[in-house]
Each structure stands twice: as structure tokens, then as C-alpha cells.
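Each remark here refers to the structure printed beneath this line.
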Amino acid sequence: MKTYATIFAIISVSWAIHLHFCVADVGTATSYGPPYVPTSCYGYNQRQFPAGNLFGAANDAIWDNQAACGRKYRSRCLSGTSNERVNPCRKRSLVVKILDYCSSAGCDNGDATFHLSADAFSHIAHSSAKKINVEYEQV
């Protein structure tokens with residue numbers, strides 16, 4: 001009887017881990033460079049920028065009439081194209097803070113979910129990439 005309880009516990013933990021990874025959405029990300037102010041969320045306030053400049057702008061789908069200001073998203077590069085490498089992705093994820101709005105015109109003509117600071121983008125993708133596919137979830 002104890003063996004069944006152990007097996008059930010292992011299966012339950014496995015499902016919990018699997019379900020955790022299934023809640024992420026898929027979108028795209030592009031990069032932009034300075035100047036980063038003013039932002040749509042906090043204007044010229046220099047204290048808005050997180051350590052390492054890991055921040056970005058959100059498109060209409062995430063912006064939610066400025067409710068996205070300050071939200072954090074864990075992002076991971078899935079794929080993309082690059083002039084130098086077959087796969088432009090670095091094997092790591094990052095958490096970005098939303099500080100700005102990315103209009104349809106500014107976010108690669110509305111086709112990008114996130115417009116990441118140059119530092120944030122280079123954390124998950126090689127600089128030769130122009131646009132990457134990302135997996136993301138709010139944290």
C-alpha cells in the first residue's frame with residue numbers, strides 16, 4: 001500500500017511540474033536602444049530602470065490600457081533568424097519589467113509582442129538577430 005502512495009506522489013509532482021511549464025504564451029521580441037526616456041509608465045524617473053536594464057515595452061495585447069506598467073515577464077528565446085548563426089538564442093531566460101508601450105508602428109509594425117531594451121535582448125539572443133520567437137509568462 002505504501003508503494004502506491006509513493007507512486008501517486010511521484011506522478012502528482014511530475015504533473016505539477018509539467019503543468020507549470022504549460023502556462024507560458026508564445027510571442028515575438030525585437031530590440032531597441034537608447035534613449036529610453038520618457039517611458040509611457042514613469043516618464044523621466046530614472047529609478048524606474050531595473051538592474052541590468054532588463055526592461056521592455058509591451059504591445060497592445062499585453063499593454064491593457066497601461067495596467068502592464070511594472071509587470072514582470074519571464075521570457076526565453078525559442079528561435080529566430082540570424083545572419084551569423086543558425087540559432088540566435090542563448091540558453092537562458094530573463095525577467096523583464098514593462099516600462100513602456102509599444103504601439104503598432106513601434107513594435108515591428110504590430111508584429112512583435114515585446115520590444116526589449118538592447119541589454120535585455122542580448123541577454124537571451126545574439127545581437128545579430130533582429131526578431132526572435134519567445135516563450136513568456138507573467139511572474
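Note on naming: chains are A, B, ... as they come in the C-alpha cells, residues start from 1 per chain, ligands start from 1 in the order shown.
Close contacts of A:Ser31, defined as residues with an atom at most 8 Å away when counting only C-alpha atoms, with chain neighbours fewer than 4 positions off set aside, comprise His115, Leu116, Ser117, Ala118, Phe121, Lys130 and Lys131 of chain A.
Residues within 10 Å of A:Asn87, counting only C-alpha atoms and excluding same-chain residues fewer than 6 positions away, are Cys77, Leu78, Ser79, Gly80, Thr81, Ala125, His126, Ala129 and Ile132 of chain A.
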Exercise for the section: Extract, using only C-alpha atoms, all DNA, RNA and protein residues at most 12 Å from A:Val139, discarding same-chain residues fewer than 6 positions from it, and format them as a PyMOL selection string. Expected result: chain A and resi 20+23-24+70-75+94-98
Taking all heavy atoms for each residue, export the selection above as an mmCIF file, in the first residue's frame.
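Written output follows (result_1.cif):
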data_model
loop_
_atom_site.group_PDB
_atom_site.id
_atom_site.type_symbol
_atom_site.label_atom_id
_atom_site.label_comp_id
_atom_site.auth_asym_id
_atom_site.auth_seq_id
_atom_site.Cartn_x
_atom_site.Cartn_y
_atom_site.Cartn_z
ATOM 1 N N HIS A 20 3.165 23.478 -14.855
ATOM 2 C CA HIS A 20 3.831 24.766 -14.648
ATOM 3 C C HIS A 20 4.425 25.282 -15.952
ATOM 4 O O HIS A 20 4.353 26.444 -16.267
ATOM 5 C CB HIS A 20 4.916 24.644 -13.581
ATOM 6 C CG HIS A 20 5.776 25.868 -13.486
ATOM 7 N ND1 HIS A 20 5.338 27.033 -12.912
ATOM 8 C CD2 HIS A 20 7.025 26.121 -13.930
ATOM 9 C CE1 HIS A 20 6.282 27.951 -13.001
ATOM 10 N NE2 HIS A 20 7.323 27.418 -13.614
ATOM 11 N N VAL A 23 1.867 26.870 -18.989
ATOM 12 C CA VAL A 23 1.100 28.100 -18.879
ATOM 13 C C VAL A 23 1.728 29.249 -19.654
ATOM 14 O O VAL A 23 1.156 30.319 -19.732
ATOM 15 C CB VAL A 23 0.899 28.519 -17.403
ATOM 16 C CG1 VAL A 23 0.083 27.489 -16.659
ATOM 17 C CG2 VAL A 23 2.223 28.763 -16.730
ATOM 18 N N ALA A 24 2.875 29.054 -20.233
ATOM 19 C CA ALA A 24 3.559 30.125 -20.952
ATOM 20 C C ALA A 24 2.887 30.392 -22.297
ATOM 21 O O ALA A 24 2.325 29.497 -22.916
ATOM 22 C CB ALA A 24 5.025 29.763 -21.153
ATOM 23 N N GLY A 70 4.999 48.073 -14.889
ATOM 24 C CA GLY A 70 5.593 47.439 -13.716
ATOM 25 C C GLY A 70 5.457 45.929 -13.674
ATOM 26 O O GLY A 70 6.097 45.277 -12.858
ATOM 27 N N ARG A 71 4.629 45.351 -14.530
ATOM 28 C CA ARG A 71 4.517 43.895 -14.560
ATOM 29 C C ARG A 71 5.854 43.296 -14.990
ATOM 30 O O ARG A 71 6.611 43.902 -15.724
ATOM 31 C CB ARG A 71 3.456 43.434 -15.557
ATOM 32 C CG ARG A 71 2.050 43.602 -15.100
ATOM 33 C CD ARG A 71 1.104 42.999 -16.126
ATOM 34 N NE ARG A 71 -0.268 43.347 -15.831
ATOM 35 C CZ ARG A 71 -1.234 43.356 -16.733
ATOM 36 N NH1 ARG A 71 -0.974 43.025 -17.996
ATOM 37 N NH2 ARG A 71 -2.451 43.681 -16.389
ATOM 38 N N LYS A 72 6.083 42.077 -14.542
ATOM 39 C CA LYS A 72 7.312 41.373 -14.919
ATOM 40 C C LYS A 72 6.953 40.103 -15.667
ATOM 41 O O LYS A 72 6.007 39.407 -15.313
ATOM 42 C CB LYS A 72 8.137 41.057 -13.680
ATOM 43 C CG LYS A 72 8.651 42.313 -13.010
ATOM 44 C CD LYS A 72 9.487 42.004 -11.802
ATOM 45 C CE LYS A 72 9.975 43.311 -11.184
ATOM 46 N NZ LYS A 72 10.781 43.077 -10.006
ATOM 47 N N TYR A 73 7.740 39.836 -16.696
ATOM 48 C CA TYR A 73 7.544 38.652 -17.524
ATOM 49 C C TYR A 73 8.848 37.889 -17.647
ATOM 50 O O TYR A 73 9.876 38.464 -17.954
ATOM 51 C CB TYR A 73 7.068 39.045 -18.932
ATOM 52 C CG TYR A 73 5.654 39.566 -18.955
ATOM 53 C CD1 TYR A 73 5.386 40.910 -18.756
ATOM 54 C CD2 TYR A 73 4.586 38.696 -19.165
ATOM 55 C CE1 TYR A 73 4.087 41.390 -18.767
ATOM 56 C CE2 TYR A 73 3.283 39.163 -19.172
ATOM 57 C CZ TYR A 73 3.041 40.511 -18.973
ATOM 58 O OH TYR A 73 1.752 40.976 -18.979
ATOM 59 N N ARG A 74 8.759 36.581 -17.404
ATOM 60 C CA ARG A 74 9.903 35.702 -17.648
ATOM 61 C C ARG A 74 9.846 35.327 -19.127
ATOM 62 O O ARG A 74 8.818 34.865 -19.611
ATOM 63 C CB ARG A 74 9.846 34.450 -16.787
ATOM 64 C CG ARG A 74 11.025 33.504 -17.019
ATOM 65 C CD ARG A 74 11.004 32.284 -16.111
ATOM 66 N NE ARG A 74 10.622 32.556 -14.755
ATOM 67 C CZ ARG A 74 11.423 33.070 -13.802
ATOM 68 N NH1 ARG A 74 12.656 33.383 -14.113
ATOM 69 N NH2 ARG A 74 10.978 33.271 -12.583
ATOM 70 N N SER A 75 10.934 35.553 -19.832
ATOM 71 C CA SER A 75 10.993 35.296 -21.268
ATOM 72 C C SER A 75 12.169 34.399 -21.599
ATOM 73 O O SER A 75 13.207 34.467 -20.965
ATOM 74 C CB SER A 75 11.146 36.606 -22.040
ATOM 75 O OG SER A 75 10.064 37.456 -21.776
ATOM 76 N N LEU A 94 15.184 35.334 -18.905
ATOM 77 C CA LEU A 94 15.322 36.551 -18.116
ATOM 78 C C LEU A 94 13.954 37.022 -17.688
ATOM 79 O O LEU A 94 12.930 36.589 -18.222
ATOM 80 C CB LEU A 94 16.021 37.652 -18.911
ATOM 81 C CG LEU A 94 15.178 38.434 -19.917
ATOM 82 C CD1 LEU A 94 15.773 39.825 -20.081
ATOM 83 C CD2 LEU A 94 15.160 37.742 -21.242
ATOM 84 N N VAL A 95 13.942 37.889 -16.691
ATOM 85 C CA VAL A 95 12.710 38.534 -16.252
ATOM 86 C C VAL A 95 12.825 39.999 -16.635
ATOM 87 O O VAL A 95 13.783 40.675 -16.245
ATOM 88 C CB VAL A 95 12.498 38.375 -14.729
ATOM 89 C CG1 VAL A 95 11.291 39.168 -14.274
ATOM 90 C CG2 VAL A 95 12.344 36.900 -14.371
ATOM 91 N N VAL A 96 11.861 40.474 -17.430
ATOM 92 C CA VAL A 96 11.848 41.869 -17.848
ATOM 93 C C VAL A 96 10.694 42.591 -17.181
ATOM 94 O O VAL A 96 9.651 42.003 -16.923
ATOM 95 C CB VAL A 96 11.737 42.031 -19.384
ATOM 96 C CG1 VAL A 96 12.962 41.527 -20.083
ATOM 97 C CG2 VAL A 96 10.497 41.374 -19.927
ATOM 98 N N LYS A 97 10.921 43.858 -16.908
ATOM 99 C CA LYS A 97 9.902 44.719 -16.327
ATOM 100 C C LYS A 97 9.339 45.601 -17.442
ATOM 101 O O LYS A 97 10.098 46.191 -18.210
ATOM 102 C CB LYS A 97 10.535 45.584 -15.229
ATOM 103 C CG LYS A 97 9.580 46.493 -14.517
ATOM 104 C CD LYS A 97 10.318 47.274 -13.442
ATOM 105 C CE LYS A 97 9.410 48.244 -12.726
ATOM 106 N NZ LYS A 97 10.157 49.031 -11.733
ATOM 107 N N ILE A 98 8.025 45.679 -17.522
ATOM 108 C CA ILE A 98 7.394 46.505 -18.547
ATOM 109 C C ILE A 98 7.381 47.962 -18.084
ATOM 110 O O ILE A 98 6.836 48.286 -17.032
ATOM 111 C CB ILE A 98 5.960 46.032 -18.851
ATOM 112 C CG1 ILE A 98 5.969 44.595 -19.358
ATOM 113 C CG2 ILE A 98 5.273 46.975 -19.849
ATOM 114 C CD1 ILE A 98 6.773 44.362 -20.617
#
Problem - Two-atom distance - atom CA of A:Pro88, atom CA of A:Ala68 (Å) - result: 27.7 Å
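Here the question is which of A:Ala58, A:Pro50, A:Arg76, A:Cys102 gets nearest to A:His123 using only C-alpha atoms, and that residue is A:Arg76.
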Practice task
Determine, counting only C-alpha atoms, which protein, DNA and RNA residues have an atom within 12 Å of an atom of stretch 46-49 of chain A; residues of the same chain fewer than 5 positions away are not included. Present the result as a list in words.
Solution key: Pro35, Tyr36, Val37, Pro38, Thr39, Ser40, Cys41, Leu54, Phe55, Gly56, Cys69, Gly70, Val96, Lys97, Ile98, Leu99, Asp100, Ser117, Asp119 and Ala120 of chain A
Restricting the output to all heavy atoms, write the selected residues as a tab-separated table (two decimals), in the first residue's frame.
chain	number	residue	atom	x	y	z
A	35	PRO	N	17.72	56.60	-26.66
A	35	PRO	CA	17.33	56.95	-25.29
A	35	PRO	C	16.06	56.22	-24.86
A	35	PRO	O	15.18	55.99	-25.68
A	35	PRO	CB	17.10	58.45	-25.35
A	35	PRO	CG	16.68	58.70	-26.76
A	35	PRO	CD	17.41	57.68	-27.60
A	36	TYR	N	15.99	55.85	-23.60
A	36	TYR	CA	14.88	55.09	-23.08
A	36	TYR	C	13.83	55.95	-22.37
A	36	TYR	O	12.83	55.43	-21.90
A	36	TYR	CB	15.38	54.01	-22.13
A	36	TYR	CG	16.24	52.96	-22.81
A	36	TYR	CD1	17.53	52.73	-22.39
A	36	TYR	CD2	15.75	52.20	-23.86
A	36	TYR	CE1	18.32	51.76	-23.01
A	36	TYR	CE2	16.53	51.24	-24.48
A	36	TYR	CZ	17.81	51.02	-24.05
A	36	TYR	OH	18.58	50.06	-24.66
A	37	VAL	N	14.08	57.22	-22.24
A	37	VAL	CA	13.12	58.11	-21.57
A	37	VAL	C	12.63	59.16	-22.55
A	37	VAL	O	13.36	59.53	-23.47
A	37	VAL	CB	13.74	58.79	-20.33
A	37	VAL	CG1	13.97	57.79	-19.22
A	37	VAL	CG2	15.00	59.54	-20.67
A	38	PRO	N	11.40	59.61	-22.37
A	38	PRO	CA	10.46	59.22	-21.33
A	38	PRO	C	9.79	57.89	-21.66
A	38	PRO	O	9.70	57.52	-22.82
A	38	PRO	CB	9.44	60.35	-21.34
A	38	PRO	CG	9.40	60.81	-22.75
A	38	PRO	CD	10.82	60.65	-23.26
A	39	THR	N	9.33	57.22	-20.64
A	39	THR	CA	8.56	56.00	-20.85
A	39	THR	C	7.08	56.32	-20.64
A	39	THR	O	6.74	57.31	-19.98
A	39	THR	CB	8.96	54.88	-19.87
A	39	THR	OG1	8.62	55.26	-18.53
A	39	THR	CG2	10.45	54.57	-19.96
A	40	SER	N	6.22	55.49	-21.17
A	40	SER	CA	4.78	55.69	-21.01
A	40	SER	C	4.32	55.42	-19.58
A	40	SER	O	3.27	55.88	-19.18
A	40	SER	CB	4.01	54.77	-21.96
A	40	SER	OG	4.31	55.08	-23.29
A	41	CYS	N	5.11	54.68	-18.83
A	41	CYS	CA	4.71	54.33	-17.47
A	41	CYS	C	5.17	55.36	-16.43
A	41	CYS	O	4.40	55.77	-15.58
A	41	CYS	CB	5.26	52.96	-17.09
A	41	CYS	SG	4.58	51.60	-18.06
A	54	LEU	N	17.13	45.36	-17.65
A	54	LEU	CA	16.29	44.28	-18.16
A	54	LEU	C	14.83	44.75	-18.15
A	54	LEU	O	14.05	44.44	-17.25
A	54	LEU	CB	16.48	43.02	-17.33
A	54	LEU	CG	17.90	42.47	-17.29
A	54	LEU	CD1	17.98	41.22	-16.44
A	54	LEU	CD2	18.44	42.21	-18.69
A	55	PHE	N	14.47	45.51	-19.16
A	55	PHE	CA	13.12	46.05	-19.27
A	55	PHE	C	12.69	46.04	-20.71
A	55	PHE	O	13.46	45.74	-21.62
A	55	PHE	CB	13.05	47.46	-18.69
A	55	PHE	CG	13.90	48.46	-19.41
A	55	PHE	CD1	13.39	49.17	-20.50
A	55	PHE	CD2	15.20	48.70	-19.02
A	55	PHE	CE1	14.19	50.09	-21.17
A	55	PHE	CE2	16.00	49.63	-19.68
A	55	PHE	CZ	15.49	50.32	-20.77
A	56	GLY	N	11.43	46.38	-20.91
A	56	GLY	CA	10.92	46.41	-22.27
A	56	GLY	C	9.60	47.12	-22.38
A	56	GLY	O	9.05	47.63	-21.39
A	69	CYS	N	2.12	48.38	-16.77
A	69	CYS	CA	3.24	49.10	-16.18
A	69	CYS	C	3.73	48.42	-14.91
A	69	CYS	O	2.94	48.18	-13.98
A	69	CYS	CB	2.85	50.54	-15.86
A	69	CYS	SG	2.66	51.57	-17.32
A	70	GLY	N	5.00	48.07	-14.89
A	70	GLY	CA	5.59	47.44	-13.72
A	70	GLY	C	5.46	45.93	-13.67
A	70	GLY	O	6.10	45.28	-12.86
A	96	VAL	N	11.86	40.47	-17.43
A	96	VAL	CA	11.85	41.87	-17.85
A	96	VAL	C	10.69	42.59	-17.18
A	96	VAL	O	9.65	42.00	-16.92
A	96	VAL	CB	11.74	42.03	-19.38
A	96	VAL	CG1	12.96	41.53	-20.08
A	96	VAL	CG2	10.50	41.37	-19.93
A	97	LYS	N	10.92	43.86	-16.91
A	97	LYS	CA	9.90	44.72	-16.33
A	97	LYS	C	9.34	45.60	-17.44
A	97	LYS	O	10.10	46.19	-18.21
A	97	LYS	CB	10.53	45.58	-15.23
A	97	LYS	CG	9.58	46.49	-14.52
A	97	LYS	CD	10.32	47.27	-13.44
A	97	LYS	CE	9.41	48.24	-12.73
A	97	LYS	NZ	10.16	49.03	-11.73
A	98	ILE	N	8.02	45.68	-17.52
A	98	ILE	CA	7.39	46.50	-18.55
A	98	ILE	C	7.38	47.96	-18.08
A	98	ILE	O	6.84	48.29	-17.03
A	98	ILE	CB	5.96	46.03	-18.85
A	98	ILE	CG1	5.97	44.60	-19.36
A	98	ILE	CG2	5.27	46.97	-19.85
A	98	ILE	CD1	6.77	44.36	-20.62
A	99	LEU	N	8.01	48.81	-18.89
A	99	LEU	CA	8.10	50.24	-18.57
A	99	LEU	C	7.49	51.13	-19.65
A	99	LEU	O	7.38	52.33	-19.46
A	99	LEU	CB	9.57	50.66	-18.40
A	99	LEU	CG	10.35	49.98	-17.30
A	99	LEU	CD1	11.79	50.50	-17.29
A	99	LEU	CD2	9.70	50.22	-15.95
A	100	ASP	N	7.14	50.54	-20.77
A	100	ASP	CA	6.72	51.37	-21.88
A	100	ASP	C	5.69	50.66	-22.74
A	100	ASP	O	5.49	49.45	-22.64
A	100	ASP	CB	7.93	51.75	-22.73
A	100	ASP	CG	7.84	53.14	-23.33
A	100	ASP	OD1	6.74	53.74	-23.30
A	100	ASP	OD2	8.86	53.62	-23.83
A	117	SER	N	14.76	46.23	-24.28
A	117	SER	CA	15.96	47.06	-24.28
A	117	SER	C	17.10	46.26	-24.90
A	117	SER	O	17.08	45.02	-24.89
A	117	SER	CB	16.33	47.48	-22.85
A	117	SER	OG	16.80	46.35	-22.12
A	119	ASP	N	20.00	45.66	-23.80
A	119	ASP	CA	20.62	44.77	-22.81
A	119	ASP	C	19.77	43.53	-22.56
A	119	ASP	O	20.30	42.42	-22.44
A	119	ASP	CB	20.85	45.52	-21.49
A	119	ASP	CG	21.93	46.57	-21.60
A	119	ASP	OD1	22.86	46.40	-22.42
A	119	ASP	OD2	21.85	47.58	-20.87
A	120	ALA	N	18.47	43.71	-22.46
A	120	ALA	CA	17.59	42.57	-22.23
A	120	ALA	C	17.61	41.61	-23.42
A	120	ALA	O	17.70	40.40	-23.26
A	120	ALA	CB	16.16	43.05	-21.96
Practice task
Would you mind reading off the distance between atom CA of A:Arg92 and atom CA of A:Ile124, one decimal, in Å?
Solution key: 6.0 Å
Practice task
Please return as an NGL selection string: the residues of stretch 14-100 of chain A that backbone DSSP assigns to strand (DSSP E).
Solution key: :A and (25-32 or 55-58 or 72-82 or 93-100)
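Take atom CA of A:Arg90 and atom CA of A:Val134: the distance between them is 11.6 Å.
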